[in-house]
Amino acid sequence: MLESTLPARLPKDRAALLVLHRKARQRRDAAPLLSEERARAAMDIERIEVQIARVERAMDPPQA
């Protein structure tokens with residue numbers, strides 16, 4: 001099973017999450033197609049996007 005390269009607890013700050021998201025996209029784009037590195041980066045992107053959605057829903061008012 002592929003292991004995430006992200007910490008177990010992601011930041012709750014949207015700006016910090018966007019930085020992580022950009023770095024994960026860069027790792028994904030630099031990795032060879034069908035490689036474990038690319039799959040791992042894609043999984044990291046998914047985790048970050050879920051956390052960003054949580055942060056945005058918690059904003060007052062929630063962002064759409």
# chains A, B, ... in the order shown; residues from 1 in each chain; ligands from 1
$ residues_around --residues "Leu2 in chain A" --least-positions-apart "2" --cutoff "10 Å" --atoms "only C-alpha atoms" --output "list in words"
Ser4, Thr5, Glu36, Glu37, Ala39, Arg40 and Met43 of chain A
$ residues_around --residues "range 48-52 of chain A" --least-positions-apart "2" --cutoff "12 Å" --atoms "only C-alpha atoms" --output "VMD selection string"
chain A and resid 4 to 25 41 to 46 54 to 59 62 to 64
$ select_by_dssp --residues "chain A" --states "helix (DSSP H, G or I)" --output "count of residues only"
40
